[in-house]
>>> print(open('my_file.txt').read())   # compact mmCIF, C-alpha atoms and all ligand atoms
# COMPACT_ATOMS: atom_id res chain seq x y z
CA MET A 1 56.42 7.80 240.52
CA LEU A 2 54.57 11.05 241.25
CA SER A 3 56.32 14.21 240.08
CA TYR A 4 58.08 16.40 242.64
CA GLN A 5 61.55 17.93 242.79
CA PHE A 6 62.57 17.68 246.45
CA VAL A 7 60.69 14.56 247.45
CA ASP A 8 60.32 11.22 245.68
CA ALA A 9 56.84 9.80 245.93
CA GLU A 10 55.93 6.33 244.79
CA ILE A 11 52.80 4.19 244.97
CA ASP A 12 53.05 0.43 244.76
CA GLY A 13 49.80 -1.41 245.46
CA HIS A 14 48.58 -0.44 248.92
CA ARG A 15 51.93 1.16 249.78
CA GLY A 16 52.75 4.82 249.30
CA GLU A 17 56.25 6.03 250.06
CA ILE A 18 57.51 9.61 250.24
CA ARG A 19 61.28 10.02 250.40
CA LEU A 20 62.82 13.34 251.34
CA ASN A 21 65.28 14.06 248.59
CA ARG A 22 68.00 16.58 249.42
CA PRO A 23 70.65 14.04 250.42
CA GLN A 24 73.54 16.51 250.08
CA SER A 25 72.25 18.30 253.22
CA LEU A 26 70.91 15.20 254.99
CA ASN A 27 67.46 16.17 253.70
CA ALA A 28 67.40 19.57 255.38
CA LEU A 29 63.92 21.04 255.00
CA ASN A 30 63.73 24.14 252.81
CA GLY A 31 60.56 25.98 251.81
CA PRO A 32 59.95 24.32 248.44
CA MET A 33 60.57 20.87 249.93
CA LEU A 34 58.08 21.46 252.74
CA LYS A 35 55.44 22.65 250.25
CA GLU A 36 56.02 19.54 248.13
CA LEU A 37 55.94 17.28 251.18
CA SER A 38 52.60 18.75 252.18
CA ARG A 39 51.25 18.21 248.65
CA ALA A 40 52.61 14.64 248.45
CA LEU A 41 50.98 13.75 251.78
CA THR A 42 47.65 15.18 250.61
CA ASP A 43 47.94 13.20 247.36
CA MET A 44 48.63 9.99 249.32
CA ALA A 45 45.74 10.73 251.69
CA GLU A 46 43.34 11.17 248.78
CA ASP A 47 44.50 8.13 246.80
CA GLN A 48 42.05 5.36 247.69
CA SER A 49 44.47 2.63 246.57
CA VAL A 50 47.02 3.65 249.23
CA ARG A 51 46.44 2.04 252.61
CA VAL A 52 49.77 2.76 254.32
CA VAL A 53 52.16 5.70 253.87
CA ILE A 54 55.90 5.58 254.57
CA LEU A 55 58.01 8.68 255.14
CA SER A 56 61.74 8.17 254.66
CA GLY A 57 64.87 9.96 253.49
CA ASN A 58 67.28 9.46 250.59
CA GLY A 59 71.04 9.34 251.25
CA ARG A 60 72.70 8.75 254.58
CA GLY A 61 70.06 10.18 256.92
CA PHE A 62 66.35 10.70 257.50
CA CYS A 63 66.26 14.49 257.96
CA SER A 64 68.53 17.12 259.55
CA GLY A 65 65.67 19.54 260.28
CA GLN A 66 65.17 23.08 259.04
CA ASP A 67 67.63 24.10 256.33
CA LEU A 68 69.75 26.44 258.41
CA LYS A 69 71.54 27.78 255.33
CA GLU A 70 68.19 28.91 253.93
CA VAL A 71 67.40 30.61 257.26
CA ALA A 72 70.80 32.31 257.42
CA ALA A 73 70.44 33.56 253.83
CA GLN A 74 67.05 35.09 254.62
CA GLY A 75 68.53 37.37 257.28
CA PRO A 76 67.17 38.39 260.70
CA ASP A 77 63.87 39.92 259.56
CA VAL A 78 62.17 36.68 258.66
CA ASP A 79 58.98 35.96 260.66
CA ILE A 80 59.69 32.50 262.05
CA GLY A 81 56.16 32.13 263.45
CA GLU A 82 54.69 32.79 260.03
CA HIS A 83 57.23 30.38 258.53
CA LEU A 84 56.15 27.61 260.89
CA ASN A 85 52.50 28.29 260.19
CA SER A 86 52.85 28.33 256.41
CA TYR A 87 55.41 25.59 255.85
CA TYR A 88 55.54 23.17 258.80
CA HIS A 89 52.06 23.09 260.27
CA PRO A 90 50.37 21.85 257.07
CA VAL A 91 52.81 18.91 257.01
CA ILE A 92 52.21 17.98 260.64
CA TYR A 93 48.42 18.25 260.22
CA ALA A 94 48.60 16.16 257.03
CA LEU A 95 50.40 13.35 258.86
CA ARG A 96 48.14 13.50 261.87
CA GLN A 97 44.83 13.85 260.01
CA MET A 98 45.50 11.32 257.28
CA ALA A 99 42.96 8.51 257.76
CA LYS A 100 45.60 5.81 257.25
CA PRO A 101 48.72 4.68 259.11
CA CYS A 102 51.91 6.68 258.47
CA ILE A 103 55.21 4.98 259.20
CA ALA A 104 58.48 6.88 259.60
CA LYS A 105 61.31 4.71 258.25
CA ILE A 106 64.39 6.16 259.86
CA HIS A 107 68.05 5.62 259.14
CA GLY A 108 70.85 7.96 260.18
CA ILE A 109 69.99 11.29 261.74
CA ALA A 110 66.54 12.67 262.56
CA ALA A 111 67.31 16.11 264.03
CA GLY A 112 65.23 19.15 264.94
CA ALA A 113 62.13 19.38 262.80
CA GLY A 114 63.29 16.15 261.14
CA MET A 115 62.69 14.43 264.47
CA SER A 116 59.33 16.22 264.71
CA LEU A 117 58.30 14.69 261.37
CA ALA A 118 59.13 11.23 262.69
CA LEU A 119 57.19 11.88 265.91
CA ALA A 120 54.12 13.01 263.96
CA CYS A 121 53.96 9.64 262.19
CA ASP A 122 51.91 6.84 263.76
CA LEU A 123 54.67 4.24 263.87
CA ARG A 124 58.46 4.49 263.69
CA ILE A 125 60.78 1.80 262.45
CA GLY A 126 64.51 2.47 262.64
CA SER A 127 67.74 0.90 261.53
CA GLU A 128 70.41 0.37 264.18
CA ASP A 129 72.26 3.44 262.86
CA ALA A 130 69.28 5.75 263.44
CA GLN A 131 69.93 8.74 265.71
CA PHE A 132 67.59 11.34 267.15
CA SER A 133 68.25 14.84 268.41
CA GLN A 134 66.02 17.64 269.61
CA ALA A 135 68.73 19.89 268.19
CA PHE A 136 66.67 23.08 268.44
CA VAL A 137 68.15 24.23 271.78
CA LYS A 138 71.66 24.16 270.35
CA ILE A 139 70.79 27.09 268.11
CA GLY A 140 68.71 28.91 270.72
CA LEU A 141 65.27 27.69 269.60
CA ILE A 142 62.56 25.63 271.20
CA PRO A 143 61.27 22.32 269.79
CA ASP A 144 58.57 23.01 267.19
CA SER A 145 56.57 21.27 264.47
CA GLY A 146 54.75 19.23 267.10
CA SER A 147 57.75 18.00 269.10
CA THR A 148 56.51 19.53 272.38
CA TYR A 149 53.16 17.84 271.75
CA PHE A 150 54.20 14.39 270.58
CA LEU A 151 57.38 13.83 272.58
CA PRO A 152 55.94 13.95 276.14
CA ARG A 153 52.99 11.86 275.02
CA LEU A 154 55.29 9.22 273.58
CA ILE A 155 58.00 9.05 276.24
CA GLY A 156 56.71 10.97 279.28
CA LEU A 157 57.37 14.49 280.50
CA GLY A 158 60.65 13.88 282.34
CA LYS A 159 62.49 12.25 279.47
CA ALA A 160 60.97 14.68 276.94
CA MET A 161 62.24 17.57 279.07
CA GLU A 162 65.73 16.04 279.15
CA LEU A 163 65.91 15.50 275.38
CA ALA A 164 64.51 18.96 274.61
CA MET A 165 66.68 20.81 277.12
CA LEU A 166 69.97 19.04 276.40
CA GLY A 167 69.55 18.34 272.70
CA ASP A 168 71.63 15.18 273.07
CA VAL A 169 71.88 12.75 270.18
CA ILE A 170 70.35 9.43 271.20
CA SER A 171 70.89 6.07 269.53
CA ALA A 172 68.29 3.79 267.97
CA LYS A 173 68.70 1.43 270.91
CA GLU A 174 67.89 4.17 273.41
CA ALA A 175 65.02 5.42 271.26
CA TYR A 176 63.58 1.90 271.22
CA THR A 177 63.95 1.56 275.00
CA LEU A 178 62.15 4.89 275.45
CA GLY A 179 59.29 3.82 273.17
CA LEU A 180 60.21 6.29 270.43
CA LEU A 181 60.91 3.51 267.97
CA ASN A 182 58.47 0.63 267.58
CA GLN A 183 61.10 -1.58 266.00
CA VAL A 184 64.88 -1.53 265.41
CA VAL A 185 66.53 -3.68 262.77
CA PRO A 186 69.99 -3.96 261.19
CA PRO A 187 70.43 -1.42 258.36
CA LYS A 188 70.35 -4.13 255.69
CA ASP A 189 66.94 -5.30 256.95
CA LEU A 190 65.22 -1.89 257.17
CA ASP A 191 63.48 -2.09 253.78
CA ASP A 192 62.27 -5.66 254.28
CA ALA A 193 61.11 -5.07 257.84
CA THR A 194 59.20 -1.96 256.70
CA SER A 195 57.64 -3.91 253.83
CA GLN A 196 56.53 -6.62 256.25
CA LEU A 197 54.93 -4.02 258.48
CA VAL A 198 53.21 -2.42 255.48
CA GLN A 199 51.99 -5.83 254.36
CA ARG A 200 50.52 -6.57 257.78
CA LEU A 201 48.81 -3.18 258.00
CA GLY A 202 47.70 -3.40 254.36
CA ALA A 203 45.89 -6.67 255.09
CA LEU A 204 43.93 -5.16 257.99
CA PRO A 205 40.61 -3.31 257.60
CA PRO A 206 41.49 0.28 256.53
CA ARG A 207 38.45 1.95 258.06
CA ALA A 208 39.10 0.31 261.42
CA LEU A 209 42.75 1.47 261.25
CA ALA A 210 41.63 5.02 260.49
CA LEU A 211 39.19 4.99 263.40
CA ILE A 212 41.83 3.52 265.76
CA LYS A 213 44.22 6.32 264.77
CA ARG A 214 41.56 8.91 265.49
CA ALA A 215 40.50 7.35 268.81
CA LEU A 216 44.05 7.11 270.15
CA HIS A 217 45.01 10.62 269.06
CA GLU A 218 41.90 12.17 270.53
CA SER A 219 42.29 10.25 273.81
CA SER A 220 45.02 12.59 275.02
CA GLU A 221 42.57 15.51 274.94
CA HIS A 222 39.69 13.70 276.67
CA ASN A 223 38.58 12.59 280.10
CA LEU A 224 37.28 9.02 280.49
CA THR A 225 33.64 9.92 279.86
CA GLN A 226 34.46 11.84 276.68
CA GLN A 227 36.63 8.97 275.48
CA LEU A 228 33.98 6.33 276.19
CA HIS A 229 31.53 8.41 274.12
CA LEU A 230 34.04 8.71 271.30
CA GLU A 231 34.68 4.94 271.38
CA GLN A 232 30.93 4.36 271.26
CA ASP A 233 30.52 6.63 268.20
CA LEU A 234 33.52 5.26 266.35
CA GLN A 235 32.61 1.66 267.15
CA GLN A 236 29.15 2.23 265.70
CA GLU A 237 30.83 3.55 262.58
CA ALA A 238 33.17 0.54 262.44
CA ALA A 239 30.28 -1.90 262.90
CA LEU A 240 28.54 -0.41 259.85
CA THR A 241 31.44 -1.30 257.55
CA GLU A 242 31.43 -4.25 255.17
CA ASP A 243 34.82 -5.19 256.64
CA TYR A 244 33.28 -5.82 260.07
CA HIS A 245 30.98 -8.42 258.54
CA ILE A 246 33.84 -9.89 256.52
CA GLY A 247 35.94 -10.19 259.70
CA LEU A 248 33.11 -11.73 261.69
CA ASP A 249 32.26 -14.18 258.92
CA ALA A 250 35.92 -15.18 258.51
CA PHE A 251 36.16 -15.89 262.24
CA ILE A 252 33.01 -18.01 262.31
CA HIS A 253 34.05 -20.01 259.25
CA LYS A 254 37.74 -20.20 260.19
CA ARG A 255 38.83 -18.40 257.00
CA THR A 256 41.39 -15.66 256.35
CA PRO A 257 39.51 -12.36 255.92
CA HIS A 258 40.11 -10.28 252.79
CA PHE A 259 39.13 -6.77 253.75
CA THR A 260 37.74 -4.46 251.08
CA GLY A 261 38.06 -1.07 252.78
CA ARG A 262 34.30 -0.62 252.58
O1 LIG A 301 62.65 28.53 260.26
C1 LIG A 301 62.02 27.89 261.10
O2 LIG A 301 60.80 27.67 260.94
C2 LIG A 301 62.75 27.34 262.28
C3 LIG A 301 62.53 25.93 262.47
C4 LIG A 301 63.53 25.21 263.05
C5 LIG A 301 63.37 23.79 263.19
C6 LIG A 301 64.71 23.07 263.28
O3 LIG A 301 64.76 22.01 262.67
S1 LIG A 301 66.00 23.68 264.19
C7 LIG A 301 67.21 22.41 264.08
C8 LIG A 301 67.91 22.39 262.75
N1 LIG A 301 68.86 21.30 262.62
C9 LIG A 301 70.03 21.27 263.26
O4 LIG A 301 70.34 22.09 264.07
C10 LIG A 301 70.96 20.15 262.86
C11 LIG A 301 72.13 20.74 262.07
N2 LIG A 301 73.00 19.69 261.58
C12 LIG A 301 73.89 19.06 262.37
O5 LIG A 301 74.00 19.30 263.56
C13 LIG A 301 74.74 18.01 261.72
O6 LIG A 301 74.79 18.27 260.34
C14 LIG A 301 74.20 16.58 261.93
C15 LIG A 301 74.38 16.17 263.39
C16 LIG A 301 72.71 16.51 261.54
C17 LIG A 301 74.96 15.58 261.03
O7 LIG A 301 76.34 15.73 261.20
P1 LIG A 301 77.35 15.02 260.19
O8 LIG A 301 78.72 15.28 260.69
O9 LIG A 301 76.93 13.62 259.98
O10 LIG A 301 77.11 15.73 258.78
P2 LIG A 301 77.54 17.21 258.37
O11 LIG A 301 78.86 17.18 257.69
O12 LIG A 301 77.34 18.15 259.48
O13 LIG A 301 76.39 17.52 257.29
C18 LIG A 301 76.49 17.10 255.93
C19 LIG A 301 76.09 18.28 255.06
O14 LIG A 301 74.72 18.60 255.34
C20 LIG A 301 76.90 19.54 255.38
O15 LIG A 301 76.99 20.27 254.17
P3 LIG A 301 78.40 20.48 253.44
O16 LIG A 301 79.34 21.03 254.46
O17 LIG A 301 78.79 19.08 253.01
O18 LIG A 301 78.11 21.38 252.32
C21 LIG A 301 76.00 20.29 256.33
O19 LIG A 301 76.21 21.67 256.33
C22 LIG A 301 74.65 19.97 255.74
N3 LIG A 301 73.58 20.10 256.73
C23 LIG A 301 73.36 19.30 257.79
N4 LIG A 301 72.32 19.74 258.48
C24 LIG A 301 71.86 20.84 257.85
C25 LIG A 301 72.68 21.08 256.73
N5 LIG A 301 72.48 22.11 255.91
C26 LIG A 301 71.46 22.94 256.20
N6 LIG A 301 70.65 22.77 257.26
C27 LIG A 301 70.79 21.75 258.10
N7 LIG A 301 69.95 21.57 259.11
>>> encode(input="my_file.txt", output="structure tokens")
Amino acid sequence: MLSYQFVDAEIDGHRGEIRLNRPQSLNALNGPMLKELSRALTDMAEDQSVRVVILSGNGRGFCSGQDLKEVAAQGPDVDIGEHLNSYYHPVIYALRQMAKPCIAKIHGIAAGAGMSLALACDLRIGSEDAQFSQAFVKIGLIPDSGSTYFLPRLIGLGKAMELAMLGDVISAKEAYTLGLLNQVVPPKDLDDATSQLVQRLGALPPRALALIKRALHESSEHNLTQQLHLEQDLQQEAALTEDYHIGLDAFIHKRTPHFTGR
């Protein structure tokens, strides 16, 4: 267990898990927690033994978003733009730039910036009791921490507009239908289903996974020609890995490949 106060971080083999740990407020995000989350993600990114990172929450929910009691206590003079830049943006960049798959494991509520955290992960697995809300509008704010970027890309502009403008709470089932969740399982199966997903990803070639993540993320900024060039560059990089030769050799000799990450 790595040492933080407001997040629990644990590494077990190829699996790294960071659990938001302020369960009394449904893991509302205060300043110190966001700083720790950013540090924990950087630690996981730099740890070569970790191939897959899970983000989850302790207690009865994933994350209720910005700690509104902290905001209220700070008074009206706080610079919210500066707050986003200093506390939230490093977390979103850490998730997005990490060269390994990040999975959001969601149970209970993911609201406001809590939903943004889930959207910034590469895959989302939810229990049937998971709920999502772009709650920002209900307190007179706009979606932030990447929600206006990730949401339309994941579910299309029309539905993103509806969720952002109305702030409705949607169920796991609806989130799955929209493509927000990759998988929905009964609450009792969430840990096992996540472990299975981690195991599958952990057995795949890490460098190829990192390059896939990069190629898909960058695709939304590119035209076809730019993307074909990027694919060409990244494929050349992938073909230089030891894992490519291991995969090819395993196919030819009908063996299970054991990828090294080199
Ligand atoms: O500063 C900036 O950079 C701005 C950035 C803003 C980004 C945002 O995230 S804005 C959106 C913030 N989040 C919300 O608006 C959601 C607020 N919470 C709720 O609407 C409800 O709590 C829930 C729908 C999430 C859950 O409802 P329920 O009935 O299951 O639980 P509850 O009783 O409301 O909450 C349990 C406790 O958690 C309660 O504390 P208490 O009364 O037992 O002492 C509640 O106050 C606390 N809590 C829940 N959400 C937050 C929170 N405390 C602080 N901040 C919260 N966001």
>>> axis_aligned_box(input="my_file.txt", around="ligand LIG 301 (chain A)", padding_each_side="5 Å", output="AutoDock Vina command-line options")
--center_x 70.1 --center_y 21.1 --center_z 258.3 --size_x 28.5 --size_y 24.9 --size_z 21.9
>>> closest_residue(input="my_file.txt", among="A:Met33, A:Ala130, A:Ile125, A:Leu41", to="Gly179 of chain A", atoms="all atoms listed in the file")
A:Ile125
>>> residues_around(input="my_file.txt", residues="segment 151-154 of chain A", least_positions_apart="2", cutoff="12 Å", atoms="only C-alpha atoms", output="PyMOL selection string")
chain A and resi 115-124+132-134+143-149+156-164+175-182+216-221
>>> residues_near_ligand(input="my_file.txt", ligand="ligand LIG 301 (chain A)", cutoff="7 Å", atoms="all atoms listed in the file", output="JSON, numbers by chain")
{"A": [24, 25, 26, 28, 64, 65, 66, 67, 68, 69, 71, 80, 81, 83, 84, 109, 111, 112, 113, 114, 135, 136, 138, 139, 141, 144]}
>>> closest_residue(input="my_file.txt", among="A:Asp129, A:Asp243, A:Asp12, A:Asp77", to="Leu209 of chain A", atoms="only C-alpha atoms")
A:Asp243
>>> atom_distance(input="my_file.txt", atom1="atom CA of Leu95 of chain A", atom2="atom CA of Ile18 of chain A")
11.8 Å
>>> atom_distance(input="my_file.txt", atom1="atom CA of Glu242 of chain A", atom2="atom CA of Ala208 of chain A")
10.9 Å
>>> residues_around(input="my_file.txt", residues="Arg262 of chain A", least_positions_apart="6", cutoff="12 Å", atoms="all atoms listed in the file", output="VMD selection string")
chain A and resid 48 204 to 208 237 to 246
>>> closest_residue(input="my_file.txt", among="A:Val78, A:Pro257, A:Pro23, A:Lys100", to="Ser49 of chain A", atoms="all atoms listed in the file")
A:Lys100
>>> closest_residue(input="my_file.txt", among="A:Arg19, A:Arg255, A:Arg51, A:Arg39", to="Lys105 of chain A", atoms="only C-alpha atoms")
A:Arg19
>>> decode(input="my_file.txt", residues="segment 158-201 of chain A", atoms="C-alpha atoms", output="PDB file, in the first residue's frame")
ATOM      1  CA  GLY A 158     -27.024  15.399 -28.912  1.00  0.00           C
ATOM      2  CA  LYS A 159     -27.023  13.104 -25.914  1.00  0.00           C
ATOM      3  CA  ALA A 160     -24.054  14.933 -24.347  1.00  0.00           C
ATOM      4  CA  MET A 161     -25.980  18.189 -24.674  1.00  0.00           C
ATOM      5  CA  GLU A 162     -29.013  16.622 -22.984  1.00  0.00           C
ATOM      6  CA  LEU A 163     -27.030  15.224 -20.045  1.00  0.00           C
ATOM      7  CA  ALA A 164     -25.060  18.460 -19.576  1.00  0.00           C
ATOM      8  CA  MET A 165     -28.061  20.771 -19.872  1.00  0.00           C
ATOM      9  CA  LEU A 166     -30.488  18.791 -17.723  1.00  0.00           C
ATOM     10  CA  GLY A 167     -28.076  17.274 -15.222  1.00  0.00           C
ATOM     11  CA  ASP A 168     -30.328  14.219 -14.917  1.00  0.00           C
ATOM     12  CA  VAL A 169     -29.131  11.191 -13.005  1.00  0.00           C
ATOM     13  CA  ILE A 170     -28.872   8.237 -15.376  1.00  0.00           C
ATOM     14  CA  SER A 171     -28.710   4.569 -14.431  1.00  0.00           C
ATOM     15  CA  ALA A 172     -25.972   2.063 -15.208  1.00  0.00           C
ATOM     16  CA  LYS A 173     -28.277   0.432 -17.739  1.00  0.00           C
ATOM     17  CA  GLU A 174     -28.773   3.692 -19.618  1.00  0.00           C
ATOM     18  CA  ALA A 175     -25.068   4.495 -19.384  1.00  0.00           C
ATOM     19  CA  TYR A 176     -24.285   1.104 -20.916  1.00  0.00           C
ATOM     20  CA  THR A 177     -26.814   1.631 -23.716  1.00  0.00           C
ATOM     21  CA  LEU A 178     -25.249   5.030 -24.459  1.00  0.00           C
ATOM     22  CA  GLY A 179     -21.743   3.544 -24.585  1.00  0.00           C
ATOM     23  CA  LEU A 180     -20.607   5.287 -21.406  1.00  0.00           C
ATOM     24  CA  LEU A 181     -20.056   1.998 -19.630  1.00  0.00           C
ATOM     25  CA  ASN A 182     -18.192  -0.819 -21.355  1.00  0.00           C
ATOM     26  CA  GLN A 183     -19.643  -3.407 -19.006  1.00  0.00           C
ATOM     27  CA  VAL A 184     -22.339  -3.601 -16.299  1.00  0.00           C
ATOM     28  CA  VAL A 185     -22.380  -6.344 -13.693  1.00  0.00           C
ATOM     29  CA  PRO A 186     -24.288  -7.083 -10.475  1.00  0.00           C
ATOM     30  CA  PRO A 187     -22.704  -5.272  -7.487  1.00  0.00           C
ATOM     31  CA  LYS A 188     -21.394  -8.524  -5.999  1.00  0.00           C
ATOM     32  CA  ASP A 189     -19.506  -9.268  -9.238  1.00  0.00           C
ATOM     33  CA  LEU A 190     -17.866  -5.858  -9.737  1.00  0.00           C
ATOM     34  CA  ASP A 191     -14.519  -6.777  -8.169  1.00  0.00           C
ATOM     35  CA  ASP A 192     -14.239 -10.105  -9.988  1.00  0.00           C
ATOM     36  CA  ALA A 193     -15.307  -8.674 -13.342  1.00  0.00           C
ATOM     37  CA  THR A 194     -12.755  -5.863 -12.952  1.00  0.00           C
ATOM     38  CA  SER A 195     -10.048  -8.372 -12.028  1.00  0.00           C
ATOM     39  CA  GLN A 196     -10.869 -10.417 -15.118  1.00  0.00           C
ATOM     40  CA  LEU A 197     -10.581  -7.331 -17.284  1.00  0.00           C
ATOM     41  CA  VAL A 198      -7.272  -6.420 -15.632  1.00  0.00           C
ATOM     42  CA  GLN A 199      -6.021  -9.961 -16.169  1.00  0.00           C
ATOM     43  CA  ARG A 200      -6.910  -9.853 -19.854  1.00  0.00           C
ATOM     44  CA  LEU A 201      -5.278  -6.457 -20.358  1.00  0.00           C
TER      45      LEU A 201
END
